[in-house]
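J.: Here you go, coords-v6.pdb (PDB, C-alpha atoms and all ligand atoms):
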ATOM      1  CA  MET A   1      31.838 -29.916   4.993  1.00  0.00           C
ATOM      2  CA  GLY A   2      31.908 -28.405   1.533  1.00  0.00           C
ATOM      3  CA  LEU A   3      28.109 -28.080   1.411  1.00  0.00           C
ATOM      4  CA  THR A   4      26.860 -24.557   1.084  1.00  0.00           C
ATOM      5  CA  MET A   5      23.827 -23.439   3.079  1.00  0.00           C
ATOM      6  CA  MET A   6      21.796 -23.346  -0.156  1.00  0.00           C
ATOM      7  CA  ALA A   7      22.695 -26.935  -1.078  1.00  0.00           C
ATOM      8  CA  MET A   8      21.843 -28.090   2.436  1.00  0.00           C
ATOM      9  CA  GLY A   9      18.509 -26.295   2.221  1.00  0.00           C
ATOM     10  CA  GLU A  10      17.751 -28.063  -1.078  1.00  0.00           C
ATOM     11  CA  ILE A  11      18.618 -31.489   0.388  1.00  0.00           C
ATOM     12  CA  ILE A  12      16.348 -30.879   3.373  1.00  0.00           C
ATOM     13  CA  ARG A  13      13.503 -29.800   1.055  1.00  0.00           C
ATOM     14  CA  LYS A  14      13.948 -32.933  -1.099  1.00  0.00           C
ATOM     15  CA  PHE A  15      13.857 -35.077   2.036  1.00  0.00           C
ATOM     16  CA  ILE A  16      10.665 -33.359   3.160  1.00  0.00           C
ATOM     17  CA  ARG A  17       9.020 -33.902  -0.268  1.00  0.00           C
ATOM     18  CA  LEU A  18      10.163 -37.535  -0.352  1.00  0.00           C
ATOM     19  CA  PHE A  19       8.383 -38.363   2.882  1.00  0.00           C
ATOM     20  CA  ASN A  20       5.451 -36.078   2.119  1.00  0.00           C
ATOM     21  CA  TYR A  21       6.147 -34.387   5.431  1.00  0.00           C
ATOM     22  CA  LYS A  22       4.093 -31.255   6.006  1.00  0.00           C
ATOM     23  CA  PRO A  23       6.070 -28.692   8.002  1.00  0.00           C
ATOM     24  CA  PHE A  24       2.895 -26.687   8.657  1.00  0.00           C
ATOM     25  CA  LYS A  25      -0.586 -27.548   9.810  1.00  0.00           C
ATOM     26  CA  MET A  26      -1.797 -24.906   7.331  1.00  0.00           C
ATOM     27  CA  LEU A  27       0.003 -22.696   4.826  1.00  0.00           C
ATOM     28  CA  ASN A  28      -1.237 -19.148   5.365  1.00  0.00           C
ATOM     29  CA  ILE A  29      -0.093 -16.519   2.903  1.00  0.00           C
ATOM     30  CA  ILE A  30      -0.849 -12.811   2.967  1.00  0.00           C
ATOM     31  CA  MET A  31      -0.827 -10.954  -0.338  1.00  0.00           C
ATOM     32  CA  PHE A  32       0.419  -7.494   0.441  1.00  0.00           C
ATOM     33  CA  GLY A  33       0.597  -4.401  -1.749  1.00  0.00           C
ATOM     34  CA  ALA A  34      -1.114  -1.205  -2.813  1.00  0.00           C
ATOM     35  CA  PRO A  35      -4.451  -1.184  -4.644  1.00  0.00           C
ATOM     36  CA  GLY A  36      -3.748  -2.289  -8.227  1.00  0.00           C
ATOM     37  CA  ALA A  37      -0.518  -4.119  -7.339  1.00  0.00           C
ATOM     38  CA  GLY A  38      -1.945  -7.380  -8.695  1.00  0.00           C
ATOM     39  CA  LYS A  39      -2.770  -9.112  -5.396  1.00  0.00           C
ATOM     40  CA  GLY A  40      -6.042 -10.580  -6.643  1.00  0.00           C
ATOM     41  CA  THR A  41      -4.646 -11.934  -9.916  1.00  0.00           C
ATOM     42  CA  GLN A  42      -1.718 -13.615  -8.180  1.00  0.00           C
ATOM     43  CA  ALA A  43      -3.759 -14.818  -5.176  1.00  0.00           C
ATOM     44  CA  ILE A  44      -6.065 -16.794  -7.485  1.00  0.00           C
ATOM     45  CA  LYS A  45      -3.074 -18.474  -9.140  1.00  0.00           C
ATOM     46  CA  ILE A  46      -1.417 -19.293  -5.804  1.00  0.00           C
ATOM     47  CA  ALA A  47      -4.627 -20.755  -4.382  1.00  0.00           C
ATOM     48  CA  GLU A  48      -5.041 -22.952  -7.454  1.00  0.00           C
ATOM     49  CA  LYS A  49      -1.460 -24.236  -7.500  1.00  0.00           C
ATOM     50  CA  TYR A  50      -1.100 -24.906  -3.765  1.00  0.00           C
ATOM     51  CA  HIS A  51      -4.741 -25.893  -3.089  1.00  0.00           C
ATOM     52  CA  LEU A  52      -5.400 -23.039  -0.690  1.00  0.00           C
ATOM     53  CA  ILE A  53      -8.543 -21.034   0.018  1.00  0.00           C
ATOM     54  CA  HIS A  54      -8.492 -17.627  -1.662  1.00  0.00           C
ATOM     55  CA  THR A  55     -10.145 -14.945   0.457  1.00  0.00           C
ATOM     56  CA  SER A  56     -10.560 -11.447  -0.972  1.00  0.00           C
ATOM     57  CA  THR A  57     -12.155  -9.114   1.560  1.00  0.00           C
ATOM     58  CA  GLY A  58     -12.914  -6.614  -1.226  1.00  0.00           C
ATOM     59  CA  ASP A  59     -14.838  -9.323  -3.140  1.00  0.00           C
ATOM     60  CA  ILE A  60     -16.715 -10.358   0.019  1.00  0.00           C
ATOM     61  CA  LEU A  61     -17.723  -6.739   0.676  1.00  0.00           C
ATOM     62  CA  ARG A  62     -18.758  -6.179  -2.965  1.00  0.00           C
ATOM     63  CA  ALA A  63     -20.916  -9.338  -2.788  1.00  0.00           C
ATOM     64  CA  GLU A  64     -22.575  -7.954   0.365  1.00  0.00           C
ATOM     65  CA  ILE A  65     -23.251  -4.695  -1.502  1.00  0.00           C
ATOM     66  CA  GLY A  66     -24.686  -6.711  -4.401  1.00  0.00           C
ATOM     67  CA  ASN A  67     -27.022  -8.470  -1.955  1.00  0.00           C
ATOM     68  CA  LYS A  68     -27.966  -5.112  -0.456  1.00  0.00           C
ATOM     69  CA  SER A  69     -27.349  -6.546   3.014  1.00  0.00           C
ATOM     70  CA  GLU A  70     -27.083  -4.278   6.040  1.00  0.00           C
ATOM     71  CA  LEU A  71     -23.339  -4.993   6.215  1.00  0.00           C
ATOM     72  CA  GLY A  72     -22.978  -4.215   2.495  1.00  0.00           C
ATOM     73  CA  MET A  73     -24.836  -0.925   2.741  1.00  0.00           C
ATOM     74  CA  LYS A  74     -22.680   0.131   5.698  1.00  0.00           C
ATOM     75  CA  ALA A  75     -19.455  -0.910   3.925  1.00  0.00           C
ATOM     76  CA  LYS A  76     -20.458   0.949   0.738  1.00  0.00           C
ATOM     77  CA  THR A  77     -20.403   4.328   2.485  1.00  0.00           C
ATOM     78  CA  PHE A  78     -16.682   3.805   3.223  1.00  0.00           C
ATOM     79  CA  MET A  79     -15.725   2.048  -0.012  1.00  0.00           C
ATOM     80  CA  ASP A  80     -17.247   4.714  -2.271  1.00  0.00           C
ATOM     81  CA  LYS A  81     -14.985   7.300  -0.612  1.00  0.00           C
ATOM     82  CA  GLY A  82     -11.876   5.118  -0.798  1.00  0.00           C
ATOM     83  CA  GLU A  83     -11.811   4.758   3.000  1.00  0.00           C
ATOM     84  CA  LEU A  84     -11.274   1.552   4.933  1.00  0.00           C
ATOM     85  CA  VAL A  85     -14.302  -0.251   6.318  1.00  0.00           C
ATOM     86  CA  PRO A  86     -14.055  -0.388  10.160  1.00  0.00           C
ATOM     87  CA  ASP A  87     -11.733  -3.035  11.602  1.00  0.00           C
ATOM     88  CA  ALA A  88     -14.463  -4.773  13.613  1.00  0.00           C
ATOM     89  CA  VAL A  89     -16.438  -5.545  10.433  1.00  0.00           C
ATOM     90  CA  LEU A  90     -13.388  -7.038   8.703  1.00  0.00           C
ATOM     91  CA  VAL A  91     -12.297  -9.041  11.730  1.00  0.00           C
ATOM     92  CA  ASP A  92     -15.791 -10.597  11.933  1.00  0.00           C
ATOM     93  CA  ILE A  93     -15.633 -11.477   8.209  1.00  0.00           C
ATOM     94  CA  ILE A  94     -12.240 -13.174   8.570  1.00  0.00           C
ATOM     95  CA  ARG A  95     -13.335 -14.958  11.749  1.00  0.00           C
ATOM     96  CA  SER A  96     -16.232 -16.541   9.884  1.00  0.00           C
ATOM     97  CA  VAL A  97     -13.951 -17.472   6.930  1.00  0.00           C
ATOM     98  CA  MET A  98     -11.670 -19.254   9.398  1.00  0.00           C
ATOM     99  CA  GLU A  99     -14.513 -21.009  11.171  1.00  0.00           C
ATOM    100  CA  ARG A 100     -15.617 -22.417   7.811  1.00  0.00           C
ATOM    101  CA  ASN A 101     -12.099 -23.471   6.733  1.00  0.00           C
ATOM    102  CA  LYS A 102     -10.496 -24.955   9.825  1.00  0.00           C
ATOM    103  CA  THR A 103      -9.405 -28.069   7.976  1.00  0.00           C
ATOM    104  CA  ALA A 104      -8.242 -26.331   4.779  1.00  0.00           C
ATOM    105  CA  LYS A 105      -4.638 -26.670   3.600  1.00  0.00           C
ATOM    106  CA  GLY A 106      -4.286 -22.955   4.121  1.00  0.00           C
ATOM    107  CA  LEU A 107      -5.486 -19.483   3.213  1.00  0.00           C
ATOM    108  CA  VAL A 108      -4.376 -16.854   0.738  1.00  0.00           C
ATOM    109  CA  LEU A 109      -5.531 -13.574   2.188  1.00  0.00           C
ATOM    110  CA  ASP A 110      -5.982 -10.849  -0.423  1.00  0.00           C
ATOM    111  CA  GLY A 111      -6.762  -7.394   0.959  1.00  0.00           C
ATOM    112  CA  PHE A 112      -6.515  -8.366   4.629  1.00  0.00           C
ATOM    113  CA  PRO A 113      -4.988  -7.291   6.971  1.00  0.00           C
ATOM    114  CA  ARG A 114      -4.896  -3.585   6.084  1.00  0.00           C
ATOM    115  CA  THR A 115      -4.298  -2.101   9.546  1.00  0.00           C
ATOM    116  CA  LEU A 116      -2.184  -3.014  12.564  1.00  0.00           C
ATOM    117  CA  VAL A 117      -5.323  -3.824  14.558  1.00  0.00           C
ATOM    118  CA  GLN A 118      -6.381  -6.290  11.828  1.00  0.00           C
ATOM    119  CA  ALA A 119      -2.903  -7.885  11.771  1.00  0.00           C
ATOM    120  CA  GLU A 120      -2.936  -8.366  15.530  1.00  0.00           C
ATOM    121  CA  GLU A 121      -6.449  -9.792  15.505  1.00  0.00           C
ATOM    122  CA  LEU A 122      -5.460 -12.131  12.663  1.00  0.00           C
ATOM    123  CA  ASP A 123      -2.528 -13.431  14.710  1.00  0.00           C
ATOM    124  CA  LYS A 124      -4.857 -14.077  17.659  1.00  0.00           C
ATOM    125  CA  MET A 125      -7.361 -15.948  15.486  1.00  0.00           C
ATOM    126  CA  LEU A 126      -4.667 -18.067  13.824  1.00  0.00           C
ATOM    127  CA  ASN A 127      -2.957 -18.788  17.143  1.00  0.00           C
ATOM    128  CA  ALA A 128      -6.244 -20.076  18.492  1.00  0.00           C
ATOM    129  CA  ASN A 129      -6.180 -22.576  15.604  1.00  0.00           C
ATOM    130  CA  HIS A 130      -2.480 -23.361  16.326  1.00  0.00           C
ATOM    131  CA  THR A 131      -1.318 -22.052  12.964  1.00  0.00           C
ATOM    132  CA  PRO A 132       0.590 -18.833  12.109  1.00  0.00           C
ATOM    133  CA  VAL A 133       0.902 -16.453   9.160  1.00  0.00           C
ATOM    134  CA  ASN A 134       3.669 -18.233   7.235  1.00  0.00           C
ATOM    135  CA  LEU A 135       4.511 -15.771   4.502  1.00  0.00           C
ATOM    136  CA  VAL A 136       3.755 -12.211   3.435  1.00  0.00           C
ATOM    137  CA  ILE A 137       4.262 -11.691  -0.296  1.00  0.00           C
ATOM    138  CA  ALA A 138       4.578  -7.988  -1.056  1.00  0.00           C
ATOM    139  CA  LEU A 139       4.036  -6.939  -4.661  1.00  0.00           C
ATOM    140  CA  GLU A 140       6.170  -3.878  -5.302  1.00  0.00           C
ATOM    141  CA  THR A 141       5.079  -1.371  -7.952  1.00  0.00           C
ATOM    142  CA  LYS A 142       5.091   2.386  -8.581  1.00  0.00           C
ATOM    143  CA  ASP A 143       2.231   4.866  -8.020  1.00  0.00           C
ATOM    144  CA  GLU A 144       2.058   5.869 -11.734  1.00  0.00           C
ATOM    145  CA  GLU A 145       1.766   2.193 -12.719  1.00  0.00           C
ATOM    146  CA  LEU A 146      -0.966   1.599 -10.102  1.00  0.00           C
ATOM    147  CA  ILE A 147      -3.059   4.566 -11.274  1.00  0.00           C
ATOM    148  CA  THR A 148      -2.764   3.469 -14.927  1.00  0.00           C
ATOM    149  CA  ARG A 149      -3.770  -0.110 -14.052  1.00  0.00           C
ATOM    150  CA  LEU A 150      -6.746   0.942 -11.915  1.00  0.00           C
ATOM    151  CA  LEU A 151      -8.075   3.387 -14.527  1.00  0.00           C
ATOM    152  CA  LYS A 152      -7.814   0.587 -17.117  1.00  0.00           C
ATOM    153  CA  ARG A 153      -9.668  -1.777 -14.742  1.00  0.00           C
ATOM    154  CA  ALA A 154     -12.394   0.867 -14.329  1.00  0.00           C
ATOM    155  CA  LEU A 155     -13.036   0.730 -18.082  1.00  0.00           C
ATOM    156  CA  GLU A 156     -13.055  -3.085 -18.061  1.00  0.00           C
ATOM    157  CA  THR A 157     -15.114  -3.792 -14.917  1.00  0.00           C
ATOM    158  CA  GLY A 158     -16.795  -0.504 -14.010  1.00  0.00           C
ATOM    159  CA  ARG A 159     -15.746  -0.847 -10.361  1.00  0.00           C
ATOM    160  CA  ALA A 160     -17.243   2.087  -8.482  1.00  0.00           C
ATOM    161  CA  ASP A 161     -14.045   2.948  -6.573  1.00  0.00           C
ATOM    162  CA  ASP A 162     -11.735   2.925  -9.620  1.00  0.00           C
ATOM    163  CA  LYS A 163     -12.263   6.658 -10.307  1.00  0.00           C
ATOM    164  CA  GLU A 164      -9.212   8.896 -10.288  1.00  0.00           C
ATOM    165  CA  ASP A 165     -10.033  10.886  -7.122  1.00  0.00           C
ATOM    166  CA  VAL A 166     -11.047   7.731  -5.205  1.00  0.00           C
ATOM    167  CA  ILE A 167      -7.933   5.884  -6.460  1.00  0.00           C
ATOM    168  CA  LYS A 168      -5.712   8.686  -5.116  1.00  0.00           C
ATOM    169  CA  GLN A 169      -7.506   8.486  -1.755  1.00  0.00           C
ATOM    170  CA  ARG A 170      -7.084   4.676  -1.655  1.00  0.00           C
ATOM    171  CA  LEU A 171      -3.347   5.038  -2.318  1.00  0.00           C
ATOM    172  CA  GLN A 172      -3.087   7.613   0.470  1.00  0.00           C
ATOM    173  CA  VAL A 173      -4.999   5.332   2.858  1.00  0.00           C
ATOM    174  CA  TYR A 174      -2.645   2.492   1.902  1.00  0.00           C
ATOM    175  CA  LYS A 175       0.393   4.651   2.749  1.00  0.00           C
ATOM    176  CA  ASN A 176      -1.014   5.897   6.048  1.00  0.00           C
ATOM    177  CA  GLN A 177      -2.776   2.824   7.417  1.00  0.00           C
ATOM    178  CA  THR A 178      -1.436  -0.263   5.634  1.00  0.00           C
ATOM    179  CA  GLU A 179       2.264   0.427   5.042  1.00  0.00           C
ATOM    180  CA  PRO A 180       3.029   0.294   8.792  1.00  0.00           C
ATOM    181  CA  LEU A 181       2.387  -3.456   8.497  1.00  0.00           C
ATOM    182  CA  ILE A 182       5.650  -3.788   6.558  1.00  0.00           C
ATOM    183  CA  ALA A 183       7.623  -3.218   9.772  1.00  0.00           C
ATOM    184  CA  TYR A 184       5.266  -5.522  11.686  1.00  0.00           C
ATOM    185  CA  TYR A 185       5.948  -8.462   9.359  1.00  0.00           C
ATOM    186  CA  LYS A 186       9.642  -7.627   8.781  1.00  0.00           C
ATOM    187  CA  LYS A 187      10.173  -7.928  12.522  1.00  0.00           C
ATOM    188  CA  GLN A 188       8.747 -11.453  12.310  1.00  0.00           C
ATOM    189  CA  ASN A 189      10.936 -12.304   9.266  1.00  0.00           C
ATOM    190  CA  LYS A 190       7.835 -13.015   7.208  1.00  0.00           C
ATOM    191  CA  PHE A 191       8.032 -10.166   4.718  1.00  0.00           C
ATOM    192  CA  HIS A 192       9.046 -11.189   1.180  1.00  0.00           C
ATOM    193  CA  PRO A 193       9.068  -8.440  -1.474  1.00  0.00           C
ATOM    194  CA  VAL A 194       8.520  -9.473  -5.102  1.00  0.00           C
ATOM    195  CA  HIS A 195       8.951  -7.140  -8.096  1.00  0.00           C
ATOM    196  CA  GLY A 196       5.361  -6.577  -9.216  1.00  0.00           C
ATOM    197  CA  ILE A 197       5.892  -5.092 -12.687  1.00  0.00           C
ATOM    198  CA  GLY A 198       6.201  -7.477 -15.627  1.00  0.00           C
ATOM    199  CA  SER A 199       4.256 -10.392 -17.028  1.00  0.00           C
ATOM    200  CA  ILE A 200       1.686 -12.142 -14.815  1.00  0.00           C
ATOM    201  CA  GLU A 201       3.499 -15.464 -15.327  1.00  0.00           C
ATOM    202  CA  GLY A 202       6.932 -13.978 -14.606  1.00  0.00           C
ATOM    203  CA  ILE A 203       5.709 -12.428 -11.348  1.00  0.00           C
ATOM    204  CA  PHE A 204       3.941 -15.687 -10.437  1.00  0.00           C
ATOM    205  CA  ALA A 205       7.183 -17.642 -10.972  1.00  0.00           C
ATOM    206  CA  ASP A 206       8.993 -15.313  -8.558  1.00  0.00           C
ATOM    207  CA  ILE A 207       6.207 -15.744  -5.990  1.00  0.00           C
ATOM    208  CA  CYS A 208       6.347 -19.548  -6.331  1.00  0.00           C
ATOM    209  CA  LYS A 209      10.092 -19.461  -5.620  1.00  0.00           C
ATOM    210  CA  GLU A 210       9.373 -17.697  -2.323  1.00  0.00           C
ATOM    211  CA  ILE A 211       6.681 -20.220  -1.407  1.00  0.00           C
ATOM    212  CA  ASP A 212       8.738 -23.256  -2.484  1.00  0.00           C
ATOM    213  CA  ASN A 213      11.646 -22.044  -0.368  1.00  0.00           C
ATOM    214  CA  LEU A 214       9.394 -22.354   2.633  1.00  0.00           C
ATOM    215  CA  ILE A 215       7.584 -25.618   2.044  1.00  0.00           C
TER     216      ILE A 215
HETATM  217  P1  LIG B   1     -10.028  -4.226  -2.596  1.00  0.00           P
HETATM  218  O1  LIG B   1     -10.931  -4.959  -3.523  1.00  0.00           O
HETATM  219  O2  LIG B   1      -9.140  -5.124  -1.763  1.00  0.00           O
HETATM  220  O3  LIG B   1      -9.235  -3.140  -3.278  1.00  0.00           O
HETATM  221  O4  LIG B   1     -10.969  -3.476  -1.531  1.00  0.00           O
HETATM  222  C1  LIG B   1     -11.925  -2.524  -1.948  1.00  0.00           C
HETATM  223  C2  LIG B   1     -12.374  -1.708  -0.748  1.00  0.00           C
HETATM  224  O5  LIG B   1     -12.968  -2.579   0.238  1.00  0.00           O
HETATM  225  C3  LIG B   1     -11.252  -0.985   0.003  1.00  0.00           C
HETATM  226  O6  LIG B   1     -10.915   0.262  -0.576  1.00  0.00           O
HETATM  227  C4  LIG B   1     -11.888  -0.831   1.380  1.00  0.00           C
HETATM  228  O7  LIG B   1     -12.850   0.203   1.381  1.00  0.00           O
HETATM  229  C5  LIG B   1     -12.649  -2.136   1.545  1.00  0.00           C
HETATM  230  N1  LIG B   1     -11.797  -3.172   2.190  1.00  0.00           N
HETATM  231  C6  LIG B   1     -11.366  -4.350   1.657  1.00  0.00           C
HETATM  232  N2  LIG B   1     -10.599  -5.009   2.515  1.00  0.00           N
HETATM  233  C7  LIG B   1     -10.543  -4.238   3.631  1.00  0.00           C
HETATM  234  C8  LIG B   1      -9.858  -4.364   4.878  1.00  0.00           C
HETATM  235  N3  LIG B   1      -9.089  -5.428   5.161  1.00  0.00           N
HETATM  236  N4  LIG B   1     -10.035  -3.378   5.790  1.00  0.00           N
HETATM  237  C9  LIG B   1     -10.814  -2.318   5.532  1.00  0.00           C
HETATM  238  N5  LIG B   1     -11.451  -2.122   4.385  1.00  0.00           N
HETATM  239  C10 LIG B   1     -11.319  -3.070   3.430  1.00  0.00           C
END
Mind converting the file's structure to structure tokens?
Ligand code: AMP
T.:
Amino acid sequence: MGLTMMAMGEIIRKFIRLFNYKPFKMLNIIMFGAPGAGKGTQAIKIAEKYHLIHTSTGDILRAEIGNKSELGMKAKTFMDKGELVPDAVLVDIIRSVMERNKTAKGLVLDGFPRTLVQAEELDKMLNANHTPVNLVIALETKDEELITRLLKRALETGRADDKEDVIKQRLQVYKNQTEPLIAYYKKQNKFHPVHGIGSIEGIFADICKEIDNLI
């Protein structure tokens, strides 16, 4: 009777670990946040720790540009301006990632979905595989911090879209087209904000707490 909800939750989690019971067929995590919020850095660490497949749509598109493929050349015209690549292109990319990883332990999606259409299509694709989005981790930062980080990254990596005018456009696109997803995932009780300023390890520890609460 005296057990608090938290203590009960911990007992249930211990029980689950003890019997190696998997509450989910797959563990699908969306990394959410503005450009420069640290999604990529944290997604790599999550994928490594929980044995999930890391999928960065930005990296996939940059590889296509590197290969000078038709898709890459089309995507480049949008990326260079800081605009989003059309939904249909991204949905096809994610569909093929899913086809290839049907038996994976789960996915960490980094940079997808970025529009409501993409979120709805993602739900349809996952439903078809009888698995949902389990968790949306939102890295919260401030615009000044994002601009500083992206300008620093430009010096380190020379990424074509890390120029000040393009960065400002990407932040605007994030506000107009991607932020509406916050309400979409809040409604489903999947939205988990994490303070995104601090040490990489400190932020990762906070993210792991959110994941461990679920599994
Ligand atoms: P990122 O590496 O995630 O910052 O993405 C770099 C650029 O790739 C973005 O500014 C977009 O032009 C494009 N991109 C990546 N993911 C998506 C997406 N889910 N929808 C539309 N465009 C995307």
J.: Write out as a ChimeraX atom specification each polymer residue (protein, DNA or RNA) that has an atom no more than 8 Å from ligand LIG 1 (chain B), with only C-alpha atoms and all ligand atoms counted.
T.: /A:35-36,40,56-59,61-62,75-76,78-87,90,110-115,118,161,170
J.: What does the structure give for the distance between CA of Ala154 (chain A) and CA of Glu70 (chain A), in Å to one decimal?
T.: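 These atoms are spaced 25.6 Å apart.
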J.: Running the PyMOL selection byres (((chain A and resi 31) around 7) and not hetatm) on this model by hand, what would come out? Give it as an MDAnalysis selection string.
T.: chainID A and resid 29:30 32:33 39 43 108:110 136:138
J.: With C-alpha atoms retained, write the just-selected residues as a tab-separated table (two decimals), keeping the file's coordinate frame.
T.:
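Final output, out-v1.tsv:
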chain	number	residue	atom	x	y	z
A	29	ILE	CA	-0.09	-16.52	2.90
A	30	ILE	CA	-0.85	-12.81	2.97
A	32	PHE	CA	0.42	-7.49	0.44
A	33	GLY	CA	0.60	-4.40	-1.75
A	39	LYS	CA	-2.77	-9.11	-5.40
A	43	ALA	CA	-3.76	-14.82	-5.18
A	108	VAL	CA	-4.38	-16.85	0.74
A	109	LEU	CA	-5.53	-13.57	2.19
A	110	ASP	CA	-5.98	-10.85	-0.42
A	136	VAL	CA	3.76	-12.21	3.44
A	137	ILE	CA	4.26	-11.69	-0.30
A	138	ALA	CA	4.58	-7.99	-1.06
J.: Which of these residues is nearest to Ile211 (chain A), using all atoms listed in the file: A:Ala119, A:Met8, A:Val194, A:Ala128?
T.: A:Val194
J.: Looking at all atoms listed in the file, which of A:Glu156, A:Asp143, A:Glu48, A:Asp92 is the one that sits closest to Gln172 (chain A)?
T.: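 Nearest candidate to Gln172 (chain A) out of A:Glu156, A:Asp143, A:Glu48, A:Asp92: A:Asp143.
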J.: Would you write out, as a compact mmCIF listing (two decimals) with C-alpha atoms, in the frame of the given file, every residue that the PyMOL selection byres (((chain A and resi 129) around 10) and not hetatm) captures in this file?
T.:
# COMPACT_ATOMS: atom_id res chain seq x y z
CA LYS A 25 -0.59 -27.55 9.81
CA MET A 26 -1.80 -24.91 7.33
CA MET A 98 -11.67 -19.25 9.40
CA GLU A 99 -14.51 -21.01 11.17
CA LYS A 102 -10.50 -24.96 9.82
CA THR A 103 -9.40 -28.07 7.98
CA ASP A 123 -2.53 -13.43 14.71
CA LYS A 124 -4.86 -14.08 17.66
CA MET A 125 -7.36 -15.95 15.49
CA LEU A 126 -4.67 -18.07 13.82
CA ASN A 127 -2.96 -18.79 17.14
CA ALA A 128 -6.24 -20.08 18.49
CA HIS A 130 -2.48 -23.36 16.33
CA THR A 131 -1.32 -22.05 12.96
CA PRO A 132 0.59 -18.83 12.11
J.: How far is it from CA of Arg159 (chain A) to CA of Leu71 (chain A), in Å with one decimal?
T.: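 Distance reported for this atom pair: 18.7 Å.
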J.: From the options A:Arg149, A:Lys105, A:Lys168, A:Lys186, which residue's atoms come nearest to Lys49 (chain A), counting all atoms listed in the file?
T.: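 Using all atoms listed in the file, the shortest distance to Lys49 (chain A) belongs to A:Lys105.
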J.: If the PyMOL selection byres (((chain A and resi 148) around 12) and not hetatm) were run on this exact file, what residues would it hold? Put them as a PDB file with C-alpha atoms, in the frame of the given file.
T.:
ATOM      1  CA  PRO A  35      -4.451  -1.184  -4.644  1.00  0.00           C
ATOM      2  CA  GLY A  36      -3.748  -2.289  -8.227  1.00  0.00           C
ATOM      3  CA  ALA A  37      -0.518  -4.119  -7.339  1.00  0.00           C
ATOM      4  CA  THR A 141       5.079  -1.371  -7.952  1.00  0.00           C
ATOM      5  CA  LYS A 142       5.091   2.386  -8.581  1.00  0.00           C
ATOM      6  CA  ASP A 143       2.231   4.866  -8.020  1.00  0.00           C
ATOM      7  CA  GLU A 144       2.058   5.869 -11.734  1.00  0.00           C
ATOM      8  CA  GLU A 145       1.766   2.193 -12.719  1.00  0.00           C
ATOM      9  CA  LEU A 146      -0.966   1.599 -10.102  1.00  0.00           C
ATOM     10  CA  ILE A 147      -3.059   4.566 -11.274  1.00  0.00           C
ATOM     11  CA  ARG A 149      -3.770  -0.110 -14.052  1.00  0.00           C
ATOM     12  CA  LEU A 150      -6.746   0.942 -11.915  1.00  0.00           C
ATOM     13  CA  LEU A 151      -8.075   3.387 -14.527  1.00  0.00           C
ATOM     14  CA  LYS A 152      -7.814   0.587 -17.117  1.00  0.00           C
ATOM     15  CA  ARG A 153      -9.668  -1.777 -14.742  1.00  0.00           C
ATOM     16  CA  ALA A 154     -12.394   0.867 -14.329  1.00  0.00           C
ATOM     17  CA  LEU A 155     -13.036   0.730 -18.082  1.00  0.00           C
ATOM     18  CA  ASP A 162     -11.735   2.925  -9.620  1.00  0.00           C
ATOM     19  CA  LYS A 163     -12.263   6.658 -10.307  1.00  0.00           C
ATOM     20  CA  GLU A 164      -9.212   8.896 -10.288  1.00  0.00           C
ATOM     21  CA  ILE A 167      -7.933   5.884  -6.460  1.00  0.00           C
ATOM     22  CA  LYS A 168      -5.712   8.686  -5.116  1.00  0.00           C
TER      23      LYS A 168
END
J.: Report, in Å with one decimal, the straight-line distance from CA of Glu10 (chain A) to CA of His54 (chain A).
T.: 28.2 Å
J.: So, counting all atoms listed in the file, which residue among A:Val91, A:Ala160, A:Ile53, A:Val173 is closest to Thr77 (chain A)?
T.: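 Using all atoms listed in the file, Thr77 (chain A) sits closest to A:Ala160.
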J.: Glu210 (chain A): which residues within 10 Å, counting only C-alpha atoms, same-chain residues fewer than 4 positions away excluded, as JSON, numbers by chain?
T.: {"A": [135, 136, 137, 192, 193, 194, 204, 205, 206, 214, 215]}
J.: So which one's closest to Ile60 (chain A), A:Lys45, A:Ala34, A:Asp212, A:Ile93? Using only C-alpha atoms, please.
T.: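 Of all the options, A:Ile93 lies closest to Ile60 (chain A).
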J.: Find the residue from A:Ile65, A:Glu121, A:Lys209, A:Ile200 that sits nearest to Gln42 (chain A); use all atoms listed in the file when measuring.
T.: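 Of A:Ile65, A:Glu121, A:Lys209, A:Ile200, the one nearest Gln42 (chain A), counting all atoms listed in the file, is A:Ile200.
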